[in-house]
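Accompanying notes for the structure given below.
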Amino acid sequence: MSKESDPPSDSDLFRQAVGKVRRMDDDKTPPPKPDIKPIPRQLIADEEQVLEDMLSDHYTVDLQPGDILNYMQPGVQKTVFKKLRTGKYRIDAELDLHGMRSSDARVSIQAFLAKAKDQKWRCVRIIHGKGLRSSNKGPVLKGLVNQWLRQRDDVLAFHSAPPEAGGTGAVYVLVKSARND
């Protein structure tokens with residue numbers, strides 16, 4: 001057999017199909033940038049869990065319907081607290097918790113206070129009710145609101161509202177915002 005009649009080798013066929021080639025000076029091209037940003041699903045889930053865990057339901061204070069709620073973080077001036085207690089601040093927004101289960105009320109308060117901080121609301125009112133229809137254990141939401149608000153760093157102070165604004169069934173909350181930071 002002659003050499004001319006041998007079938008072409010794979011490498012000969014490849015060179016024939018590719019054609020002329022030239023060596024590139026730099027063969028390290030960066031990968032294309034992705035058009036879609038990755039979604040940090042675990043980070044989002046972790047942040048949601050922190051929000052859920054942020055407020056504890058365990059409270060030991062025995063409250064009655066007519067009891068006044070009050071709290072002031074260290075550093076809040078007494079004149080500021082007195083102004084809150086006497087209803088001298090303009091109420092920027094309010095949240096009514098009547099008829100809510102405690103789990104729904106907790107989520108509502110978290111979202112409401114986050115919005116208050118974002119909107120730079122200084123003072124808000126949360127209506128928790130007096131618990132007059134609660135069992136002989138006393139008001140449930142009132143005690144939980146008292147406990148939850150004390151656990152939040154963005155709550156500078158709170159006090160039961162004046163009688164004309166809900167009395168012991170509502171609380172005025174002084175919110176820490178950008179102007180308070």
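Just remember, in the structure tokens the first chain shown is A, the second B, etc., residues are 1-based per chain, and ligands are 1-based in the order shown.
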If you count only C-alpha atoms, which residues fall within 7 Å of range 70-78 of chain A, apart from same-chain ones fewer than 2 positions away, as number ranges by chain?
A: 68, 80-82, 156-160
Would you mind listing, for every residue of range 91-118 of chain A within 12 Å of range 144-149 of chain A, the two atoms forming the shortest contact and the distance between them in Å to one decimal, using only C-alpha atoms, sorted by chain and ascending residue number, as a tab-separated table?
residue	atom	partner	partner_atom	distance
A:Leu95	CA	A:Val145	CA	11.8
A:Asp96	CA	A:Val145	CA	11.8
A:Leu97	CA	A:Val145	CA	9.8
A:Arg101	CA	A:Leu144	CA	11.0
A:Ser102	CA	A:Leu144	CA	7.7
A:Ser103	CA	A:Leu144	CA	10.2
A:Asp104	CA	A:Leu144	CA	11.9
A:Ala105	CA	A:Val145	CA	8.6
A:Arg106	CA	A:Trp148	CA	7.9
A:Val107	CA	A:Trp148	CA	10.9
A:Ser108	CA	A:Val145	CA	11.1
A:Ile109	CA	A:Val145	CA	8.5
A:Gln110	CA	A:Trp148	CA	9.2
A:Phe112	CA	A:Leu149	CA	11.9
A:Leu113	CA	A:Leu149	CA	9.7
Write a file of the selected residues as a PDB file, in the first residue's frame, keeping C-alpha atoms.
ATOM      1  CA  LEU A  95     -50.954  50.389  65.376  1.00  0.00           C
ATOM      2  CA  ASP A  96     -54.105  48.728  66.705  1.00  0.00           C
ATOM      3  CA  LEU A  97     -53.589  45.192  68.043  1.00  0.00           C
ATOM      4  CA  ARG A 101     -53.237  36.627  68.474  1.00  0.00           C
ATOM      5  CA  SER A 102     -49.952  37.183  70.285  1.00  0.00           C
ATOM      6  CA  SER A 103     -47.879  35.767  67.398  1.00  0.00           C
ATOM      7  CA  ASP A 104     -49.563  38.136  64.927  1.00  0.00           C
ATOM      8  CA  ALA A 105     -49.194  41.065  67.320  1.00  0.00           C
ATOM      9  CA  ARG A 106     -45.455  40.412  67.696  1.00  0.00           C
ATOM     10  CA  VAL A 107     -44.898  40.386  63.921  1.00  0.00           C
ATOM     11  CA  SER A 108     -47.032  43.527  63.551  1.00  0.00           C
ATOM     12  CA  ILE A 109     -45.059  45.380  66.215  1.00  0.00           C
ATOM     13  CA  GLN A 110     -41.738  44.390  64.651  1.00  0.00           C
ATOM     14  CA  PHE A 112     -44.430  48.736  62.611  1.00  0.00           C
ATOM     15  CA  LEU A 113     -41.335  49.766  64.582  1.00  0.00           C
TER      16      LEU A 113
END
Write out as number ranges by chain all residues of chain A that DSSP puts in alpha helix (DSSP H) for this structure's backbone.
A: 10-18, 41-54, 78-85, 102-118, 140-150
Considering only C-alpha atoms, state which residue in the set A:Ala170, A:Ala116, A:Cys123, A:Val18 is at the smallest distance from Leu141 in chain A.
A:Ala170
Per DSSP on the backbone, filter range 20-141 of chain A down to the residues in strand (DSSP E or B) and report them as JSON, numbers by chain.
{"A": [70, 71, 72, 93, 94, 95, 96, 123, 124, 125, 126, 127]}
Selection file, N, CA and C atoms, as a tab-separated table (two decimals), in the first residue's frame:
chain	number	residue	atom	x	y	z
A	70	ASN	N	-44.74	51.89	81.76
A	70	ASN	CA	-43.75	52.94	81.54
A	70	ASN	C	-42.35	52.35	81.54
A	71	TYR	N	-41.51	52.94	80.72
A	71	TYR	CA	-40.14	52.48	80.58
A	71	TYR	C	-39.34	53.61	79.95
A	72	MET	N	-38.08	53.73	80.38
A	72	MET	CA	-37.20	54.75	79.83
A	72	MET	C	-35.79	54.17	79.79
A	93	ALA	N	-47.93	57.91	63.86
A	93	ALA	CA	-48.68	56.76	63.34
A	93	ALA	C	-49.15	55.93	64.52
A	94	GLU	N	-50.09	55.02	64.24
A	94	GLU	CA	-50.55	54.14	65.30
A	94	GLU	C	-50.80	52.74	64.77
A	95	LEU	N	-50.72	51.80	65.68
A	95	LEU	CA	-50.95	50.39	65.38
A	95	LEU	C	-51.99	49.88	66.37
A	96	ASP	N	-53.05	49.27	65.86
A	96	ASP	CA	-54.10	48.73	66.71
A	96	ASP	C	-54.00	47.21	66.72
A	123	CYS	N	-42.67	59.61	67.49
A	123	CYS	CA	-43.57	59.06	68.51
A	123	CYS	C	-44.72	58.34	67.83
A	124	VAL	N	-45.00	57.13	68.28
A	124	VAL	CA	-46.10	56.34	67.73
A	124	VAL	C	-46.96	55.84	68.88
A	125	ARG	N	-48.17	55.44	68.54
A	125	ARG	CA	-49.07	54.89	69.55
A	125	ARG	C	-49.40	53.44	69.17
A	126	ILE	N	-49.29	52.57	70.15
A	126	ILE	CA	-49.67	51.17	69.97
A	126	ILE	C	-50.86	50.90	70.89
A	127	ILE	N	-51.97	50.49	70.29
A	127	ILE	CA	-53.18	50.20	71.05
A	127	ILE	C	-53.20	48.69	71.30
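Across the structure, CA of Lys117 in chain A and CA of Leu174 in chain A are spaced 10.4 Å apart.
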Straight-line distance linking CA of Gly169 in chain A with CA of Val140 in chain A, stated in Å to one decimal:
11.7 Å
